[in-house]
Structures are given as C-alpha cells and as structure tokens.
Amino acid sequence: MILKTLRFGEIDIKEDDILQFPQGLFAFEEHKKYILVPVNDNPFFRWLQCVDEPKISFLLIDPFVIRENYYVELDDSLKEELGISKQEDVVVYTIVTLPEGDFQKSSTNLLAPLVINLSGKKAKQVLLDETRGQVKEPLFPSQDNRKVSGG
C-alpha cells in the first residue's frame, strides 16, 4: 500500500508494518496507526509516521544512548496490554523535540517513552516518575554542563 506523507513523500508500506497505539499518543489520542521509518545510516534514530494523517511525524531516539542507566519497567499489566511475551520483542524510544534553527538545542522526553512490541505490532506511550529523567533531556549537553577532568 502507498502511504502519502508530508515529510517522506510516497512510501510503500505493508499492512504488517503498521503499529497500533490503542490510546494514541499524548495530545494525539485520535491517531492510532503509525509506522517506523529508519533514519539513513543512524541506528539510534527512527521517524514515527502517522498512517492516517500525512502531516504528523515524530523523530524518535533510543533513550539508552542518552542515558545509560535509563530503564522502563514492564509491569504485568503493560505486558498483557501490549501482548509482550519475550523481552527481545520490545523496543523503547523517546520523542525528540527539534527547536527551529538550532539542532544543538534538541531534547528528548525521557518521562514519556514509547514502548513497542515489534512482533505484536502494539505500542503505548507511558508516563514514568520524575526520577527517570527530564521532560526536556538535552541530546547535546552544553559546554557548561560537561565535566572537565585532568589538570
């Protein structure tokens, strides 16, 4: 099937490429079908393209690249809701905010990750407690925030 998008033009997708977000995404609850689109030569990023609305797409990042100790607890109710039976079927992404004109100020929301069951094609955006990160976690820490060592 051909999907017409604003960002990518026409792309050929299969029905089994479509991820179902039964509750939608926060602030986009009415849109429930999305596909993952790879970013050329970068395994840490993906685009999440809405199937029903060609103008809606989100840049995603693997949050474990941003913060090594980041984790999302998959409780039994979430596993059941998404039909998760094997840990290796699950991927987690967070949505990236790209401020216009300054890519260096990009951030990602570590408190509302997307949990995706790749084999079951079901996904959910979950809300974590504030100890897991920030709503606007910088992708590129500023010079002021970097630790300097040596002497």
# chains A, B, ... in the order shown; residues from 1 in each chain; ligands from 1
>>> select_by_dssp(residues="stretch 11-108 of chain A", states="helix (DSSP H, G or I)", output="list of chain:residue names")
A:Glu15, A:Asp16, A:Asp17, A:Pro63, A:Phe64, A:Val65, A:Ile66, A:Asp76, A:Ser77, A:Leu78, A:Lys79, A:Glu80, A:Glu81, A:Leu82, A:Gln87, A:Glu88, A:Asp89, A:Phe103, A:Gln104, A:Lys105
>>> residues_around(residues="A:Ile61", least_positions_apart="6", cutoff="8 Å", atoms="only C-alpha atoms", output="JSON, numbers by chain")
{"A": [44, 45, 46, 93, 94, 95, 96, 108]}
>>> closest_residue(among="A:Val135, A:Val51, A:Val115, A:Leu25", to="A:Asp75", atoms="only C-alpha atoms")
A:Val115
>>> atom_distance(atom1="atom CA of A:Lys122", atom2="atom CA of A:Phe64")
21.0 Å
>>> closest_residue(among="A:Lys32, A:Lys55, A:Arg67, A:Lys105", to="A:Lys121", atoms="only C-alpha atoms")
A:Lys32
>>> closest_atom_pairs(of="stretch 64-141 of chain A", to="stretch 11-17 of chain A", cutoff="10 Å", atoms="only C-alpha atoms", output="Markdown table")
| residue | atom | partner | partner_atom | distance |
| --- | --- | --- | --- | --- |
| A:Leu118 | CA | A:Asp17 | CA | 9.2 |
| A:Ser119 | CA | A:Asp16 | CA | 9.6 |
| A:Gly120 | CA | A:Asp16 | CA | 9.5 |
| A:Lys121 | CA | A:Asp16 | CA | 7.7 |
>>> closest_residue(among="A:Thr5, A:Gln87, A:Ser107, A:Gln20", to="A:Pro54", atoms="only C-alpha atoms")
A:Thr5
